[in-house]
Amino acid sequence: MPRVSVAVPVYNGAALLEESLACIAGQTMRDFEVILSDNGSTDATPEICARYAAQDSRFRHLRR
């Protein structure tokens with residue numbers, strides 16, 4: 001189990017999501033997980049979330 005869990009609820013947040021996730025991924029503390037909860041976005045949010053989840057095992061993408 002990771003030491004820290006970060007929940008990121010998002011809906012149509014593509015404009016700022018990429019920068020936000022890059023900041024989280026770049027933290028010096030490495031023992032964390034990020035749960036990306038997408039509430040049915042209609043912009044590029046699902047693709048951004050899926051890309052981060054595919055590239056980094058600490059990120060999980062949940063689409064509702």
# chains A, B, ... in the order shown; residues from 1 in each chain; ligands from 1
>>> select_by_dssp(residues="stretch 12-43 of chain A", states="strand (DSSP E)", output="PyMOL selection string")
chain A and resi 32-38
>>> write_last_selection(atoms="all heavy atoms", output="PDB file, in the first residue's frame")
ATOM      1  N   PHE A  32       3.347   7.076  -3.424  1.00  0.00           N
ATOM      2  CA  PHE A  32       1.976   7.568  -3.469  1.00  0.00           C
ATOM      3  C   PHE A  32       1.236   6.937  -4.642  1.00  0.00           C
ATOM      4  O   PHE A  32       1.833   6.348  -5.533  1.00  0.00           O
ATOM      5  CB  PHE A  32       1.932   9.098  -3.581  1.00  0.00           C
ATOM      6  CG  PHE A  32       2.515   9.655  -4.856  1.00  0.00           C
ATOM      7  CD1 PHE A  32       1.747   9.759  -6.010  1.00  0.00           C
ATOM      8  CD2 PHE A  32       3.836  10.084  -4.904  1.00  0.00           C
ATOM      9  CE1 PHE A  32       2.271  10.275  -7.179  1.00  0.00           C
ATOM     10  CE2 PHE A  32       4.376  10.600  -6.071  1.00  0.00           C
ATOM     11  CZ  PHE A  32       3.591  10.698  -7.210  1.00  0.00           C
ATOM     12  N   GLU A  33      -0.085   7.069  -4.595  1.00  0.00           N
ATOM     13  CA  GLU A  33      -0.939   6.682  -5.716  1.00  0.00           C
ATOM     14  C   GLU A  33      -1.846   7.852  -6.034  1.00  0.00           C
ATOM     15  O   GLU A  33      -2.150   8.667  -5.167  1.00  0.00           O
ATOM     16  CB  GLU A  33      -1.781   5.444  -5.387  1.00  0.00           C
ATOM     17  CG  GLU A  33      -2.856   5.699  -4.360  1.00  0.00           C
ATOM     18  CD  GLU A  33      -3.752   4.509  -4.091  1.00  0.00           C
ATOM     19  OE1 GLU A  33      -3.777   3.561  -4.892  1.00  0.00           O
ATOM     20  OE2 GLU A  33      -4.440   4.526  -3.055  1.00  0.00           O
ATOM     21  N   VAL A  34      -2.246   7.946  -7.283  1.00  0.00           N
ATOM     22  CA  VAL A  34      -3.153   9.004  -7.720  1.00  0.00           C
ATOM     23  C   VAL A  34      -4.362   8.337  -8.359  1.00  0.00           C
ATOM     24  O   VAL A  34      -4.226   7.545  -9.296  1.00  0.00           O
ATOM     25  CB  VAL A  34      -2.481   9.957  -8.739  1.00  0.00           C
ATOM     26  CG1 VAL A  34      -3.456  11.028  -9.188  1.00  0.00           C
ATOM     27  CG2 VAL A  34      -1.228  10.574  -8.143  1.00  0.00           C
ATOM     28  N   ILE A  35      -5.526   8.631  -7.835  1.00  0.00           N
ATOM     29  CA  ILE A  35      -6.768   8.082  -8.358  1.00  0.00           C
ATOM     30  C   ILE A  35      -7.465   9.192  -9.131  1.00  0.00           C
ATOM     31  O   ILE A  35      -7.907  10.186  -8.553  1.00  0.00           O
ATOM     32  CB  ILE A  35      -7.665   7.556  -7.221  1.00  0.00           C
ATOM     33  CG1 ILE A  35      -6.896   6.510  -6.415  1.00  0.00           C
ATOM     34  CG2 ILE A  35      -8.971   7.006  -7.776  1.00  0.00           C
ATOM     35  CD1 ILE A  35      -7.445   6.276  -5.040  1.00  0.00           C
ATOM     36  N   LEU A  36      -7.513   9.036 -10.439  1.00  0.00           N
ATOM     37  CA  LEU A  36      -8.130  10.025 -11.323  1.00  0.00           C
ATOM     38  C   LEU A  36      -9.582   9.614 -11.556  1.00  0.00           C
ATOM     39  O   LEU A  36      -9.852   8.609 -12.208  1.00  0.00           O
ATOM     40  CB  LEU A  36      -7.373  10.080 -12.651  1.00  0.00           C
ATOM     41  CG  LEU A  36      -5.881  10.366 -12.540  1.00  0.00           C
ATOM     42  CD1 LEU A  36      -5.185  10.088 -13.859  1.00  0.00           C
ATOM     43  CD2 LEU A  36      -5.665  11.779 -12.086  1.00  0.00           C
ATOM     44  N   SER A  37     -10.505  10.365 -11.022  1.00  0.00           N
ATOM     45  CA  SER A  37     -11.921  10.063 -11.139  1.00  0.00           C
ATOM     46  C   SER A  37     -12.564  11.031 -12.130  1.00  0.00           C
ATOM     47  O   SER A  37     -12.811  12.193 -11.817  1.00  0.00           O
ATOM     48  CB  SER A  37     -12.590  10.171  -9.770  1.00  0.00           C
ATOM     49  OG  SER A  37     -13.967   9.896  -9.874  1.00  0.00           O
ATOM     50  N   ASP A  38     -12.817  10.524 -13.324  1.00  0.00           N
ATOM     51  CA  ASP A  38     -13.389  11.339 -14.399  1.00  0.00           C
ATOM     52  C   ASP A  38     -14.896  11.142 -14.431  1.00  0.00           C
ATOM     53  O   ASP A  38     -15.381  10.030 -14.598  1.00  0.00           O
ATOM     54  CB  ASP A  38     -12.755  10.925 -15.729  1.00  0.00           C
ATOM     55  CG  ASP A  38     -13.376  11.615 -16.921  1.00  0.00           C
ATOM     56  OD1 ASP A  38     -14.070  12.631 -16.734  1.00  0.00           O
ATOM     57  OD2 ASP A  38     -13.165  11.132 -18.041  1.00  0.00           O
TER      58      ASP A  38
END
>>> residues_around(residues="A:Ser57", least_positions_apart="3", cutoff="12 Å", atoms="only C-alpha atoms", output="list in words")
Pro2, Ala25, Arg30, Asp31, Phe32, Glu33, Val34, Ile35, Ala50, Arg51, Tyr52, Ala53, Ala54, Arg60 and His61 of chain A
>>> atom_distance(atom1="atom CA of A:Gly40", atom2="atom CA of A:Asn12")
8.1 Å
>>> select_by_dssp(residues="chain A", states="alpha helix (DSSP H)", output="PyMOL selection string")
chain A and resi 14-25+45-55
>>> residues_around(residues="A:Leu17", least_positions_apart="5", cutoff="9 Å", atoms="only C-alpha atoms", output="PyMOL selection string")
chain A and resi 10+22+45+48-49
>>> atom_distance(atom1="atom CA of A:Pro46", atom2="atom CA of A:Tyr11")
9.2 Å
>>> closest_residue(among="A:Thr28, A:Ser5, A:Ser41, A:Ser20", to="A:Arg64", atoms="only C-alpha atoms")
A:Ser41
